[in-house]
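Undergrad: I have a structure I would like to understand better, so I am pasting it below and will then ask my questions one at a time.
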Amino acid sequence: MKIEEYRERKLDVDGWEVNLTSYRLDAEWHAKADNVSPGATLCRTTGKSREEAEEKALQRAEELLGRTRRHAV
Amino acid sequence: MAEYAHPEALVSTDWVSQHSSDPNVRVVEVDVDTKAYNEAHVPGAIAWAWNTQLCDTVRRDILSQQQFEALMSASGVTPETTLVIYGDNNNWFAAWAFWQAKIYGHKDVRLMNGGRKKWLAEGRDVATDVPHVATAAYHAKPADLSLRTFLPAVQQASAEHSAALVDVRSPQEFTGEILSPPGLPETCQRGGHIPGARSIPWGKACNDDGTFKSADELRALYGHEGVDGSKPVIAYCRIGERSSHTWFVLKYLLGFDNVTNYDGSWTEWGNLVAAPVAKGAAA
């Protein structure tokens with residue numbers, strides 16, 4: 001079994017840079033969103049297509065990133 | 001181009017592909033959570049969960065010697081085993097496992113350069129089955145605490161400038177703008193950094209494919225911030241896992257003699273009553 005059609009791209013989600021990774025494993029698509037800085041995994045999702053898996057990951061990432069508070073320095 | 005100080009501490013994905021089934025090699029995946037391993041992993045690899053198997057789950061601490069011995073024994077690892085560790089997030093938690101293996105004296109432990117990300121991106125074979133391993137009898141060495149720093153030594157280093165403090169978190173965590181990595185729960189009462197620390201985010205040590213930068217690039221990166229091995233180095237982050245990655249870079253790739261990981265990190269310092277805190281960019 002192999003990972004196929006591996007792809008990574010960077011997006012802006014709610015003002016935060018997110019790295020979105022997706023690939024196919026057999027018939028299932030997998031996606032992972034992480035915050036670029038520092039690079040922590042935010043969520044992993046699956047779907048019947050790349051679009052579905054990525055959409056779920058972005059929705060969850062947006063939900064999590066929306067909770068991040070910025071403090072005055 | 002200069003070589004890494006200890007190139008034997010790293011293996012390539014090619015090497016793992018060729019040696020993962022060798023009888024004296026045990027490949028272990030360590031991730032933020034075990035979902036990634038369950039999804040797909042290097043054939044023959046087992047998994048360790050950092051938050052249940054690589055720490056004491058009662059008090060905040062790394063594994064005791066007995067707990068480490070139990071984990072190694074259950075994993076079929078003997079002191080002679082070549083332990084190859086990899087994971088997601090460019091080997092964050094793999095480095096955490098590497099650090100503990102060295103604390104307990106495991107001789108031959110290596111990181112797979114590029115981690116899980118590189119293995120997947122290269123389209124290599126993956127598996128979903130969990131291999132059965134025969135248990136072994138592992139006897140660890142007493143903890144080598146020269147690899148670890150506790151709060152009093154960090155307080156002294158900050159006050160007396162007796163060690164280089166390297167904050168490996170993101171710049172926004174360093175300044176105090178955010179209290180945890182974006183999207184993760186806040187785990188401290190105050191934001192900022194330890195007075196005197198330099199900001200050198202861990203990720204700057206990696207290439208886009210997850211592999212480590214060259215020795216020359218790493219020396220320039222840390223040297224630019226005055227971290228050249230001429231005095232002791234203490235690395236810290238939020239909970240000690242990102243800083244174990246930087247600890248690995250400084251100790252094994254650049255060969256600095258005196259490098260420690262302050263695993264108490266910002267979740268300890270940022271919750272201390274009356275601890276001095278610096279805000280904003282480094283002076």
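Labeling convention for the structure tokens: chains A, B, ... as they appear, residues from 1 per chain, ligands from 1 in order of appearance.
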Counting only C-alpha atoms, what is within 12 Å of A:Ala33, bar same-chain residues fewer than 4 positions away, as an NGL selection string?

TA: (:A and (7-13 or 16-22 or 39-46 or 53-65)) or (:B and (89 or 182-183))

Undergrad: Specify as a PyMOL selection string all residues of chain B found within 7 Å of chain A, counting only C-alpha atoms.

TA: chain B and resi 89+120-121+123-127+169-170+175-178+181-183+203+279-280

Undergrad: Could you list, as a PDB file with N, CA and C atoms, in the first residue's frame, every residue within 12 Å of B:Ser17, counting only C-alpha atoms and ignoring same-chain residues fewer than 5 positions away?

TA:
ATOM      1  N   VAL B  11      19.279   8.614  10.291  1.00  0.00           N
ATOM      2  CA  VAL B  11      19.207   7.695   9.149  1.00  0.00           C
ATOM      3  C   VAL B  11      18.255   8.297   8.126  1.00  0.00           C
ATOM      4  N   SER B  12      18.470   7.939   6.897  1.00  0.00           N
ATOM      5  CA  SER B  12      17.612   8.451   5.822  1.00  0.00           C
ATOM      6  C   SER B  12      16.391   7.544   5.655  1.00  0.00           C
ATOM      7  N   ASP B  22      15.379  -5.605   9.634  1.00  0.00           N
ATOM      8  CA  ASP B  22      16.560  -6.255  10.210  1.00  0.00           C
ATOM      9  C   ASP B  22      16.234  -6.695  11.638  1.00  0.00           C
ATOM     10  N   VAL B  25      16.894  -4.175  14.468  1.00  0.00           N
ATOM     11  CA  VAL B  25      16.383  -2.807  14.303  1.00  0.00           C
ATOM     12  C   VAL B  25      14.927  -2.750  14.747  1.00  0.00           C
ATOM     13  N   VAL B  27      11.838  -0.012  14.623  1.00  0.00           N
ATOM     14  CA  VAL B  27      11.379   1.291  14.144  1.00  0.00           C
ATOM     15  C   VAL B  27      10.140   1.687  14.946  1.00  0.00           C
ATOM     16  N   VAL B  42       5.203   3.304   8.628  1.00  0.00           N
ATOM     17  CA  VAL B  42       6.299   2.554   8.023  1.00  0.00           C
ATOM     18  C   VAL B  42       6.068   1.065   8.324  1.00  0.00           C
ATOM     19  N   PRO B  43       6.097   0.211   7.310  1.00  0.00           N
ATOM     20  CA  PRO B  43       5.865  -1.215   7.566  1.00  0.00           C
ATOM     21  C   PRO B  43       6.802  -1.743   8.659  1.00  0.00           C
ATOM     22  N   GLY B  44       6.207  -2.427   9.621  1.00  0.00           N
ATOM     23  CA  GLY B  44       7.006  -3.004  10.701  1.00  0.00           C
ATOM     24  C   GLY B  44       7.176  -2.093  11.892  1.00  0.00           C
ATOM     25  N   ALA B  45       6.776  -0.833  11.765  1.00  0.00           N
ATOM     26  CA  ALA B  45       6.957   0.111  12.872  1.00  0.00           C
ATOM     27  C   ALA B  45       5.908  -0.118  13.958  1.00  0.00           C
ATOM     28  N   VAL B  84      15.230   3.161  15.894  1.00  0.00           N
ATOM     29  CA  VAL B  84      15.032   4.214  14.890  1.00  0.00           C
ATOM     30  C   VAL B  84      13.676   4.856  15.148  1.00  0.00           C
ATOM     31  N   MET B 112      14.885   9.224  12.059  1.00  0.00           N
ATOM     32  CA  MET B 112      14.758   9.134  10.599  1.00  0.00           C
ATOM     33  C   MET B 112      14.618  10.558  10.059  1.00  0.00           C
ATOM     34  N   TRP B 119       8.552  10.438   4.509  1.00  0.00           N
ATOM     35  CA  TRP B 119       8.221   9.069   4.100  1.00  0.00           C
ATOM     36  C   TRP B 119       6.949   9.074   3.237  1.00  0.00           C
ATOM     37  N   GLU B 122       7.335  10.849  -0.223  1.00  0.00           N
ATOM     38  CA  GLU B 122       8.106  10.063  -1.197  1.00  0.00           C
ATOM     39  C   GLU B 122       7.301   8.888  -1.766  1.00  0.00           C
ATOM     40  N   GLY B 123       6.074   8.715  -1.287  1.00  0.00           N
ATOM     41  CA  GLY B 123       5.224   7.642  -1.817  1.00  0.00           C
ATOM     42  C   GLY B 123       5.748   6.257  -1.505  1.00  0.00           C
ATOM     43  N   ARG B 124       6.359   6.115  -0.359  1.00  0.00           N
ATOM     44  CA  ARG B 124       6.903   4.800   0.022  1.00  0.00           C
ATOM     45  C   ARG B 124       5.800   3.892   0.538  1.00  0.00           C
ATOM     46  N   ASP B 125       6.111   2.609   0.631  1.00  0.00           N
ATOM     47  CA  ASP B 125       5.146   1.650   1.152  1.00  0.00           C
ATOM     48  C   ASP B 125       4.732   2.044   2.569  1.00  0.00           C
ATOM     49  N   VAL B 126       3.472   1.836   2.873  1.00  0.00           N
ATOM     50  CA  VAL B 126       2.983   2.038   4.229  1.00  0.00           C
ATOM     51  C   VAL B 126       2.151   0.826   4.632  1.00  0.00           C
TER      52      VAL B 126
END

Undergrad: When DSSP works through the backbone of this structure, what residues of stretch 21-191 of chain B end up as alpha helix (DSSP H), shown as a ChimeraX atom specification?

TA: /B:35-39,50-53,65-74,88-103,115-121,151-160,171-175

Undergrad: Determine, for each residue of stretch 116-212 of chain B having at least one atom at most 12 Å from an atom of stretch 242-258 of chain B, the closest pair of atoms and their separation in Å to one decimal, counting only C-alpha atoms; order by chain and ascending number, as a Markdown table.

TA:
| residue | atom | partner | partner_atom | distance |
| --- | --- | --- | --- | --- |
| B:Leu145 | CA | B:Asn258 | CA | 11.6 |
| B:Ser146 | CA | B:Asn258 | CA | 8.0 |
| B:Leu147 | CA | B:Asn258 | CA | 8.0 |
| B:Arg148 | CA | B:Ser244 | CA | 9.8 |
| B:Thr149 | CA | B:Asn258 | CA | 11.0 |
| B:Ala163 | CA | B:Asn258 | CA | 9.6 |
| B:Ala164 | CA | B:Asn258 | CA | 10.4 |
| B:Leu165 | CA | B:Ser243 | CA | 11.0 |
| B:Val166 | CA | B:Ser243 | CA | 8.5 |
| B:Asp167 | CA | B:Ser243 | CA | 7.9 |
| B:Val168 | CA | B:Ser243 | CA | 6.1 |
| B:Arg169 | CA | B:Arg242 | CA | 7.5 |
| B:Ser170 | CA | B:Arg242 | CA | 10.4 |
| B:Pro181 | CA | B:Arg242 | CA | 11.5 |
| B:Ser199 | CA | B:Ser243 | CA | 11.9 |
| B:Ile200 | CA | B:Thr246 | CA | 9.2 |
| B:Pro201 | CA | B:Thr246 | CA | 8.8 |
| B:Trp202 | CA | B:Thr246 | CA | 5.9 |
| B:Gly203 | CA | B:Arg242 | CA | 8.9 |
| B:Lys204 | CA | B:Thr246 | CA | 9.8 |
| B:Ala205 | CA | B:Val249 | CA | 7.7 |
| B:Cys206 | CA | B:Val249 | CA | 9.9 |
| B:Thr211 | CA | B:Val249 | CA | 11.4 |
| B:Phe212 | CA | B:Val249 | CA | 8.2 |

Undergrad: Among the residues of stretch 94-233 of chain B, find those DSSP assigns to strand (DSSP E) from the backbone and print them as JSON, numbers by chain.

TA: {"B": [109, 110, 111, 112, 164, 165, 166, 167, 198, 199, 233]}

Undergrad: Write the selection just made, keeping N, CA and C atoms, as a PDB file, in the first residue's frame?

TA:
ATOM      1  N   VAL B 109      20.548   4.938  19.173  1.00  0.00           N
ATOM      2  CA  VAL B 109      19.229   5.465  18.849  1.00  0.00           C
ATOM      3  C   VAL B 109      19.396   6.517  17.759  1.00  0.00           C
ATOM      4  N   ARG B 110      18.521   6.491  16.798  1.00  0.00           N
ATOM      5  CA  ARG B 110      18.656   7.378  15.642  1.00  0.00           C
ATOM      6  C   ARG B 110      17.290   7.972  15.273  1.00  0.00           C
ATOM      7  N   LEU B 111      17.315   9.128  14.656  1.00  0.00           N
ATOM      8  CA  LEU B 111      16.088   9.710  14.105  1.00  0.00           C
ATOM      9  C   LEU B 111      16.074   9.474  12.600  1.00  0.00           C
ATOM     10  N   MET B 112      14.885   9.224  12.059  1.00  0.00           N
ATOM     11  CA  MET B 112      14.758   9.134  10.599  1.00  0.00           C
ATOM     12  C   MET B 112      14.618  10.558  10.059  1.00  0.00           C
ATOM     13  N   ALA B 164      23.455  30.006  27.651  1.00  0.00           N
ATOM     14  CA  ALA B 164      22.641  30.566  26.569  1.00  0.00           C
ATOM     15  C   ALA B 164      21.258  29.929  26.639  1.00  0.00           C
ATOM     16  N   LEU B 165      20.247  30.763  26.836  1.00  0.00           N
ATOM     17  CA  LEU B 165      18.870  30.264  26.881  1.00  0.00           C
ATOM     18  C   LEU B 165      18.280  30.388  25.477  1.00  0.00           C
ATOM     19  N   VAL B 166      17.835  29.275  24.929  1.00  0.00           N
ATOM     20  CA  VAL B 166      17.289  29.281  23.568  1.00  0.00           C
ATOM     21  C   VAL B 166      15.797  28.957  23.637  1.00  0.00           C
ATOM     22  N   ASP B 167      14.990  29.938  23.287  1.00  0.00           N
ATOM     23  CA  ASP B 167      13.531  29.762  23.247  1.00  0.00           C
ATOM     24  C   ASP B 167      13.188  29.335  21.826  1.00  0.00           C
ATOM     25  N   ARG B 198      17.172  33.919  23.813  1.00  0.00           N
ATOM     26  CA  ARG B 198      17.187  34.270  22.393  1.00  0.00           C
ATOM     27  C   ARG B 198      16.072  33.493  21.713  1.00  0.00           C
ATOM     28  N   SER B 199      15.450  34.097  20.726  1.00  0.00           N
ATOM     29  CA  SER B 199      14.376  33.426  19.985  1.00  0.00           C
ATOM     30  C   SER B 199      14.945  32.764  18.743  1.00  0.00           C
ATOM     31  N   VAL B 233      24.254  25.531  26.966  1.00  0.00           N
ATOM     32  CA  VAL B 233      23.020  25.930  26.285  1.00  0.00           C
ATOM     33  C   VAL B 233      21.841  25.229  26.955  1.00  0.00           C
TER      34      VAL B 233
END
